Amino acid sequence: MKFLVKPLVTAAMVCAAGAAFAQQGQTVKIAWIDPLSGLMAPVGANQLKTWQFFAEKINAKNPAGVKFEIVPFDNKLSPAESATALKSAIDQGIHYIAQGNGSSVAAALIDGVNKNNERNPGKEVVYLNYAAVDPDFTNSKCSYWHFRYDADTSMKMEAISSFIKDMPDVKKVFLLNQDYSHGHQVAKFAKETLKRKRPDIEVVGEDFHPLAKVRDFAPYIAKIKASGADTVITGNWGSDLSLMIKAAKEAGYDGKFFTYYVVTTGTPTALGTTGAGKVYQVSYGHYNMPGESEKWMAEYKKRTNDDLYTLAIYSALESLSQAMAKAKSTDPVKVAAALEGLKFKNFNGDDEIRKADHQLQQPLFITIWEKTSAKYPYSPENTGMTLAPVKEYPAYVASTPTSCNMKRP
């Protein structure tokens, strides 16, 4: 028997090595569940192209040796349609989903993923959230299977309010937001942080409007002008932001705007030159970042005749590839464990997926809408304008605490 020990040990080592690199050459499908129809379709179409663009980039260097394939599902910005898309993806054997547009959709997907993973061991799904920013998703509603790559609403408002704190000309603020969870969170955290940092500022108005249904924002702008507000804070995105900006321009409103999503399709054109020096954005990156992202911007525009603005998609794919390499597997259970606490070099610095709640910790930037220059040359939608950085908040400053009580499998 002793003569058989060495061959058996060798065979075991070979099997172990084979298992360790079992993912080499695999194709990993990611179900992209976001709008390709309706008013928000231009944003969804841009982001789908971005997922495909970055999948190609990651595939060329993937440390896990796998190839990512993006499988699109048009959810029409509907939670019900998204639940149907999730079921279809699971039926197709897809273990990774990506979504970002609409926190109401994200809430439905988190619930659906949690139920599936509890009821169907072996068919687990990991949810890569690249833009749905309701803070509850990494607090009271946190899920082991959910990972967020955008900064949440509270993190972004901490940066905005810190910036406004040093602007004595901001005295009267109007809050105009979409009537769903994200919009209500923006209003809530704006009031809380301004009261804490600038108690002298008066919130002179607050209003909500239906998501992706309003075509004429003139009545809302009339309310803003009547209130005497010198500043508007809004979490609007897509057509709701571009049409709002258009109405403000037509009505001659010349106050400041603090926004989350100036970059989304159509908004730069709606802004034009009239928003120069008046419109600010908070984000985890910007058009004119030096390094690799600068090259991505140029290449994406050349290839698609569109602008690259959702860099969180790169963060999601880069961390996923590193987690698969670390886990030596594409098994979602093992990959989720490897994603927890993962630290990686990103386009905006050294980032970390916080283990406590799966919220990416990263720096935030305040940028201002102005004419392009030799220093900041990128021009979205060929407007001759750009978002120039005016303030950077390191990850530890932009971070907010979590109340997440993570339930792990």
# chains A, B, ... in the order shown; residues from 1 in each chain; ligands from 1
$ select_by_dssp --residues "stretch 30-277 of chain A" --states "helix (DSSP H, G or I)" --output "JSON, numbers by chain"
{"A": [41, 42, 43, 44, 45, 46, 47, 48, 49, 50, 51, 52, 53, 54, 55, 56, 57, 58, 59, 79, 80, 81, 82, 83, 84, 85, 86, 87, 88, 89, 90, 91, 103, 104, 105, 106, 107, 108, 109, 110, 111, 112, 113, 114, 115, 116, 117, 118, 119, 135, 136, 137, 138, 153, 154, 155, 156, 157, 158, 159, 160, 161, 162, 163, 164, 181, 182, 183, 184, 185, 186, 187, 188, 189, 190, 191, 192, 193, 194, 195, 196, 197, 218, 219, 220, 221, 222, 223, 224, 225, 226, 227, 239, 240, 241, 242, 243, 244, 245, 246, 247, 248, 249, 250, 251, 267, 268, 269, 270, 271]}
$ write_last_selection --atoms "C-alpha atoms" --output "mmCIF file, in the first residue's frame"
data_model
loop_
_atom_site.group_PDB
_atom_site.id
_atom_site.type_symbol
_atom_site.label_atom_id
_atom_site.label_comp_id
_atom_site.auth_asym_id
_atom_site.auth_seq_id
_atom_site.Cartn_x
_atom_site.Cartn_y
_atom_site.Cartn_z
ATOM 1 C CA ALA A 41 -34.046 54.841 -22.843
ATOM 2 C CA PRO A 42 -31.165 57.149 -23.932
ATOM 3 C CA VAL A 43 -29.510 56.735 -20.526
ATOM 4 C CA GLY A 44 -30.038 52.969 -20.553
ATOM 5 C CA ALA A 45 -28.689 52.616 -24.093
ATOM 6 C CA ASN A 46 -25.569 54.572 -23.160
ATOM 7 C CA GLN A 47 -24.965 52.422 -20.089
ATOM 8 C CA LEU A 48 -25.478 49.168 -21.978
ATOM 9 C CA LYS A 49 -22.777 50.281 -24.433
ATOM 10 C CA THR A 50 -20.596 51.139 -21.446
ATOM 11 C CA TRP A 51 -20.997 47.667 -19.948
ATOM 12 C CA GLN A 52 -20.045 46.138 -23.294
ATOM 13 C CA PHE A 53 -17.113 48.541 -23.688
ATOM 14 C CA PHE A 54 -15.656 47.767 -20.274
ATOM 15 C CA ALA A 55 -16.329 44.033 -20.573
ATOM 16 C CA GLU A 56 -14.119 44.092 -23.654
ATOM 17 C CA LYS A 57 -11.424 45.998 -21.730
ATOM 18 C CA ILE A 58 -11.511 43.634 -18.748
ATOM 19 C CA ASN A 59 -11.651 40.524 -20.933
ATOM 20 C CA PRO A 79 -40.066 46.982 -10.905
ATOM 21 C CA ALA A 80 -42.528 44.368 -12.199
ATOM 22 C CA GLU A 81 -40.747 44.059 -15.555
ATOM 23 C CA SER A 82 -37.450 43.818 -13.666
ATOM 24 C CA ALA A 83 -38.735 40.937 -11.555
ATOM 25 C CA THR A 84 -39.724 39.136 -14.746
ATOM 26 C CA ALA A 85 -36.290 39.818 -16.253
ATOM 27 C CA LEU A 86 -34.602 38.466 -13.117
ATOM 28 C CA LYS A 87 -36.592 35.232 -13.363
ATOM 29 C CA SER A 88 -35.725 34.908 -17.036
ATOM 30 C CA ALA A 89 -32.024 35.436 -16.300
ATOM 31 C CA ILE A 90 -32.087 32.798 -13.557
ATOM 32 C CA ASP A 91 -33.883 30.367 -15.874
ATOM 33 C CA SER A 103 -34.070 52.734 -6.655
ATOM 34 C CA SER A 104 -37.641 51.400 -6.859
ATOM 35 C CA VAL A 105 -36.348 48.862 -9.383
ATOM 36 C CA ALA A 106 -33.312 48.113 -7.218
ATOM 37 C CA ALA A 107 -35.535 47.408 -4.204
ATOM 38 C CA ALA A 108 -37.537 44.873 -6.223
ATOM 39 C CA LEU A 109 -34.361 43.192 -7.459
ATOM 40 C CA ILE A 110 -32.824 42.966 -3.988
ATOM 41 C CA ASP A 111 -36.005 41.315 -2.739
ATOM 42 C CA GLY A 112 -36.101 38.952 -5.715
ATOM 43 C CA VAL A 113 -32.446 37.978 -5.398
ATOM 44 C CA ASN A 114 -32.775 37.378 -1.648
ATOM 45 C CA LYS A 115 -35.793 35.110 -2.126
ATOM 46 C CA ASN A 116 -34.193 33.179 -4.983
ATOM 47 C CA ASN A 117 -30.950 32.591 -3.142
ATOM 48 C CA GLU A 118 -32.732 31.429 -0.006
ATOM 49 C CA ARG A 119 -35.066 29.062 -1.849
ATOM 50 C CA PRO A 135 -28.933 54.594 1.367
ATOM 51 C CA ASP A 136 -31.332 51.954 2.732
ATOM 52 C CA PHE A 137 -29.780 49.379 0.389
ATOM 53 C CA THR A 138 -26.605 49.381 2.475
ATOM 54 C CA THR A 153 -27.391 59.643 -1.663
ATOM 55 C CA SER A 154 -26.207 60.430 1.866
ATOM 56 C CA MET A 155 -22.529 60.269 0.866
ATOM 57 C CA LYS A 156 -23.077 62.628 -2.040
ATOM 58 C CA MET A 157 -25.114 65.033 0.065
ATOM 59 C CA GLU A 158 -22.350 65.127 2.678
ATOM 60 C CA ALA A 159 -20.034 66.368 -0.075
ATOM 61 C CA ILE A 160 -22.560 68.877 -1.471
ATOM 62 C CA SER A 161 -23.411 70.330 1.934
ATOM 63 C CA SER A 162 -19.727 70.536 2.892
ATOM 64 C CA PHE A 163 -19.130 72.540 -0.278
ATOM 65 C CA ILE A 164 -22.168 74.787 0.242
ATOM 66 C CA SER A 181 -37.331 56.717 -2.897
ATOM 67 C CA HIS A 182 -34.214 58.372 -4.342
ATOM 68 C CA GLY A 183 -35.864 61.785 -4.682
ATOM 69 C CA HIS A 184 -37.231 61.664 -1.146
ATOM 70 C CA GLN A 185 -33.832 60.639 0.210
ATOM 71 C CA VAL A 186 -32.156 63.592 -1.559
ATOM 72 C CA ALA A 187 -34.629 66.001 0.051
ATOM 73 C CA LYS A 188 -34.282 64.356 3.454
ATOM 74 C CA PHE A 189 -30.488 64.408 3.552
ATOM 75 C CA ALA A 190 -30.304 67.906 2.080
ATOM 76 C CA LYS A 191 -32.411 69.262 4.953
ATOM 77 C CA GLU A 192 -30.508 67.281 7.576
ATOM 78 C CA THR A 193 -26.994 68.165 6.413
ATOM 79 C CA LEU A 194 -27.732 71.839 5.696
ATOM 80 C CA LYS A 195 -29.284 72.262 9.142
ATOM 81 C CA ARG A 196 -26.158 70.767 10.678
ATOM 82 C CA LYS A 197 -23.590 72.669 8.612
ATOM 83 C CA ALA A 218 -42.344 75.256 -16.509
ATOM 84 C CA PRO A 219 -44.820 75.104 -13.576
ATOM 85 C CA TYR A 220 -42.106 73.764 -11.267
ATOM 86 C CA ILE A 221 -39.635 76.442 -12.331
ATOM 87 C CA ALA A 222 -42.337 79.087 -11.730
ATOM 88 C CA LYS A 223 -42.622 77.828 -8.130
ATOM 89 C CA ILE A 224 -38.843 78.047 -7.709
ATOM 90 C CA LYS A 225 -38.744 81.619 -8.994
ATOM 91 C CA ALA A 226 -41.681 82.634 -6.820
ATOM 92 C CA SER A 227 -39.979 81.213 -3.724
ATOM 93 C CA SER A 239 -35.029 63.385 -19.126
ATOM 94 C CA ASP A 240 -36.241 64.726 -15.771
ATOM 95 C CA LEU A 241 -33.040 66.717 -15.342
ATOM 96 C CA SER A 242 -32.550 67.801 -18.962
ATOM 97 C CA LEU A 243 -36.164 68.992 -19.313
ATOM 98 C CA MET A 244 -35.975 70.772 -15.954
ATOM 99 C CA ILE A 245 -32.777 72.584 -16.971
ATOM 100 C CA LYS A 246 -34.355 73.474 -20.325
ATOM 101 C CA ALA A 247 -37.394 74.977 -18.571
ATOM 102 C CA ALA A 248 -35.172 76.945 -16.170
ATOM 103 C CA LYS A 249 -33.228 78.371 -19.092
ATOM 104 C CA GLU A 250 -36.392 79.355 -20.957
ATOM 105 C CA ALA A 251 -37.831 81.003 -17.834
ATOM 106 C CA THR A 267 -28.527 67.110 -20.091
ATOM 107 C CA PRO A 268 -25.280 68.711 -21.369
ATOM 108 C CA THR A 269 -27.100 69.849 -24.508
ATOM 109 C CA ALA A 270 -30.026 71.178 -22.462
ATOM 110 C CA LEU A 271 -27.604 73.131 -20.315
#
$ select_by_dssp --residues "stretch 85-291 of chain A" --states "strand (DSSP E)" --output "ChimeraX atom specification"
/A:96-99,126-129,146-148,172-178,202-209,231-233,256-259,279-283
$ write_last_selection --atoms "N, CA and C atoms" --output "mmCIF file, in the first residue's frame"
data_model
loop_
_atom_site.group_PDB
_atom_site.id
_atom_site.type_symbol
_atom_site.label_atom_id
_atom_site.label_comp_id
_atom_site.auth_asym_id
_atom_site.auth_seq_id
_atom_site.Cartn_x
_atom_site.Cartn_y
_atom_site.Cartn_z
ATOM 1 N N TYR A 96 -25.161 36.416 -12.315
ATOM 2 C CA TYR A 96 -24.782 37.799 -11.997
ATOM 3 C C TYR A 96 -25.726 38.743 -12.731
ATOM 4 N N ILE A 97 -26.264 39.714 -11.992
ATOM 5 C CA ILE A 97 -27.118 40.712 -12.615
ATOM 6 C C ILE A 97 -26.568 42.106 -12.338
ATOM 7 N N ALA A 98 -26.867 43.050 -13.223
ATOM 8 C CA ALA A 98 -26.427 44.435 -13.072
ATOM 9 C C ALA A 98 -27.618 45.346 -13.318
ATOM 10 N N GLN A 99 -27.767 46.372 -12.482
ATOM 11 C CA GLN A 99 -28.846 47.352 -12.629
ATOM 12 C C GLN A 99 -28.416 48.631 -11.943
ATOM 13 N N VAL A 126 -25.687 37.097 -7.716
ATOM 14 C CA VAL A 126 -25.045 38.275 -7.138
ATOM 15 C C VAL A 126 -25.511 39.501 -7.917
ATOM 16 N N TYR A 127 -25.852 40.558 -7.198
ATOM 17 C CA TYR A 127 -26.406 41.777 -7.791
ATOM 18 C C TYR A 127 -25.374 42.903 -7.732
ATOM 19 N N LEU A 128 -24.955 43.379 -8.906
ATOM 20 C CA LEU A 128 -24.000 44.472 -9.033
ATOM 21 C C LEU A 128 -24.776 45.759 -9.300
ATOM 22 N N ASN A 129 -24.857 46.615 -8.310
ATOM 23 C CA ASN A 129 -25.617 47.861 -8.389
ATOM 24 C C ASN A 129 -24.658 48.988 -8.741
ATOM 25 N N HIS A 146 -25.893 41.851 -2.508
ATOM 26 C CA HIS A 146 -25.933 43.148 -3.174
ATOM 27 C C HIS A 146 -24.641 43.923 -2.937
ATOM 28 N N PHE A 147 -24.056 44.456 -4.022
ATOM 29 C CA PHE A 147 -22.828 45.246 -3.935
ATOM 30 C C PHE A 147 -23.039 46.547 -4.705
ATOM 31 N N ARG A 148 -22.789 47.698 -4.030
ATOM 32 C CA ARG A 148 -23.042 48.990 -4.668
ATOM 33 C C ARG A 148 -21.721 49.699 -4.990
ATOM 34 N N LYS A 172 -30.988 80.760 0.221
ATOM 35 C CA LYS A 172 -32.334 80.205 0.096
ATOM 36 C C LYS A 172 -32.316 79.046 -0.894
ATOM 37 N N VAL A 173 -32.748 77.877 -0.442
ATOM 38 C CA VAL A 173 -32.660 76.648 -1.241
ATOM 39 C C VAL A 173 -34.040 76.083 -1.523
ATOM 40 N N PHE A 174 -34.226 75.634 -2.761
ATOM 41 C CA PHE A 174 -35.447 74.926 -3.165
ATOM 42 C C PHE A 174 -35.058 73.491 -3.492
ATOM 43 N N LEU A 175 -35.845 72.524 -3.010
ATOM 44 C CA LEU A 175 -35.589 71.105 -3.256
ATOM 45 C C LEU A 175 -36.619 70.578 -4.248
ATOM 46 N N LEU A 176 -36.173 70.215 -5.439
ATOM 47 C CA LEU A 176 -37.064 69.663 -6.468
ATOM 48 C C LEU A 176 -36.553 68.289 -6.871
ATOM 49 N N ASN A 177 -37.390 67.261 -6.650
ATOM 50 C CA ASN A 177 -36.923 65.901 -6.863
ATOM 51 C C ASN A 177 -38.022 64.990 -7.398
ATOM 52 N N GLN A 178 -37.580 63.842 -7.919
ATOM 53 C CA GLN A 178 -38.500 62.837 -8.436
ATOM 54 C C GLN A 178 -39.230 62.160 -7.273
ATOM 55 N N GLU A 202 -32.151 78.896 4.499
ATOM 56 C CA GLU A 202 -33.581 78.650 4.564
ATOM 57 C C GLU A 202 -34.009 77.772 3.383
ATOM 58 N N VAL A 203 -34.693 76.681 3.692
ATOM 59 C CA VAL A 203 -35.293 75.858 2.640
ATOM 60 C C VAL A 203 -36.648 76.486 2.331
ATOM 61 N N VAL A 204 -36.737 77.183 1.192
ATOM 62 C CA VAL A 204 -37.924 77.982 0.876
ATOM 63 C C VAL A 204 -38.978 77.225 0.073
ATOM 64 N N GLY A 205 -38.668 76.008 -0.313
ATOM 65 C CA GLY A 205 -39.647 75.216 -1.054
ATOM 66 C C GLY A 205 -39.191 73.786 -1.244
ATOM 67 N N GLU A 206 -40.156 72.891 -1.360
ATOM 68 C CA GLU A 206 -39.858 71.472 -1.584
ATOM 69 C C GLU A 206 -40.980 70.891 -2.422
ATOM 70 N N ASP A 207 -40.612 70.199 -3.515
ATOM 71 C CA ASP A 207 -41.640 69.638 -4.385
ATOM 72 C C ASP A 207 -41.133 68.332 -4.989
ATOM 73 N N PHE A 208 -42.095 67.470 -5.327
ATOM 74 C CA PHE A 208 -41.783 66.191 -5.969
ATOM 75 C C PHE A 208 -42.663 66.052 -7.214
ATOM 76 N N HIS A 209 -42.138 65.371 -8.211
ATOM 77 C CA HIS A 209 -42.884 65.155 -9.453
ATOM 78 C C HIS A 209 -42.762 63.703 -9.880
ATOM 79 N N THR A 231 -30.764 78.918 -4.980
ATOM 80 C CA THR A 231 -30.114 77.629 -5.250
ATOM 81 C C THR A 231 -31.156 76.518 -5.288
ATOM 82 N N VAL A 232 -30.973 75.580 -6.230
ATOM 83 C CA VAL A 232 -31.823 74.395 -6.320
ATOM 84 C C VAL A 232 -30.959 73.166 -6.074
ATOM 85 N N ILE A 233 -31.436 72.266 -5.233
ATOM 86 C CA ILE A 233 -30.765 70.973 -5.033
ATOM 87 C C ILE A 233 -31.687 69.898 -5.586
ATOM 88 N N LYS A 256 -28.297 78.913 -8.798
ATOM 89 C CA LYS A 256 -27.367 77.772 -8.850
ATOM 90 C C LYS A 256 -28.145 76.456 -8.803
ATOM 91 N N PHE A 257 -27.558 75.425 -9.395
ATOM 92 C CA PHE A 257 -28.103 74.064 -9.313
ATOM 93 C C PHE A 257 -27.025 73.143 -8.753
ATOM 94 N N PHE A 258 -27.368 72.399 -7.711
ATOM 95 C CA PHE A 258 -26.486 71.338 -7.229
ATOM 96 C C PHE A 258 -27.146 70.014 -7.596
ATOM 97 N N THR A 259 -26.435 69.224 -8.393
ATOM 98 C CA THR A 259 -27.029 68.037 -9.006
ATOM 99 C C THR A 259 -26.178 66.795 -8.769
ATOM 100 N N VAL A 279 -23.958 75.591 -12.417
ATOM 101 C CA VAL A 279 -24.400 74.205 -12.233
ATOM 102 C C VAL A 279 -23.248 73.355 -11.718
ATOM 103 N N TYR A 280 -23.502 72.670 -10.605
ATOM 104 C CA TYR A 280 -22.491 71.820 -9.966
ATOM 105 C C TYR A 280 -22.973 70.374 -9.983
ATOM 106 N N GLN A 281 -22.011 69.469 -9.976
ATOM 107 C CA GLN A 281 -22.331 68.046 -9.880
ATOM 108 C C GLN A 281 -21.431 67.388 -8.846
ATOM 109 N N VAL A 282 -21.990 66.427 -8.115
ATOM 110 C CA VAL A 282 -21.190 65.598 -7.221
ATOM 111 C C VAL A 282 -21.136 64.196 -7.806
ATOM 112 N N SER A 283 -19.944 63.609 -7.835
ATOM 113 C CA SER A 283 -19.797 62.255 -8.375
ATOM 114 C C SER A 283 -18.470 61.658 -7.913
#
$ closest_residue --among "A:Pro377, A:Pro168, A:Gly38, A:Gly93" --to "A:Tyr287" --atoms "only C-alpha atoms"
A:Pro377
$ atom_distance --atom1 "atom CA of A:Gly275" --atom2 "atom CA of A:Val390"
15.8 Å
$ residues_around --residues "A:Ser315" --least-positions-apart "2" --cutoff "10 Å" --atoms "only C-alpha atoms" --output "list in words"
Phe54, Tyr130, Arg148, Tyr149, Asp150, Thr310, Leu311, Ala312, Ile313, Leu317, Glu318, Ser319, Leu320, Phe344, Lys345, Asn346, Phe347, Asn348, Asp351 and Leu360 of chain A
$ residues_around --residues "A:Asn101" --least-positions-apart "3" --cutoff "7 Å" --atoms "only C-alpha atoms" --output "list in words"
Asp34, Ala131 and Ala132 of chain A
$ write_last_selection --atoms "N, CA and C atoms" --output "mmCIF file, in the first residue's frame"
data_model
loop_
_atom_site.group_PDB
_atom_site.id
_atom_site.type_symbol
_atom_site.label_atom_id
_atom_site.label_comp_id
_atom_site.auth_asym_id
_atom_site.auth_seq_id
_atom_site.Cartn_x
_atom_site.Cartn_y
_atom_site.Cartn_z
ATOM 1 N N ASP A 34 -32.160 47.089 -17.269
ATOM 2 C CA ASP A 34 -32.339 48.529 -17.219
ATOM 3 C C ASP A 34 -33.156 48.978 -18.435
ATOM 4 N N ALA A 131 -25.699 52.210 -9.908
ATOM 5 C CA ALA A 131 -26.217 53.584 -9.913
ATOM 6 C C ALA A 131 -27.435 53.828 -9.035
ATOM 7 N N ALA A 132 -28.043 52.817 -8.438
ATOM 8 C CA ALA A 132 -29.211 53.022 -7.579
ATOM 9 C C ALA A 132 -28.711 53.367 -6.177
#
$ atom_distance --atom1 "atom CA of A:Asn305" --atom2 "atom CA of A:Glu370"
21.7 Å
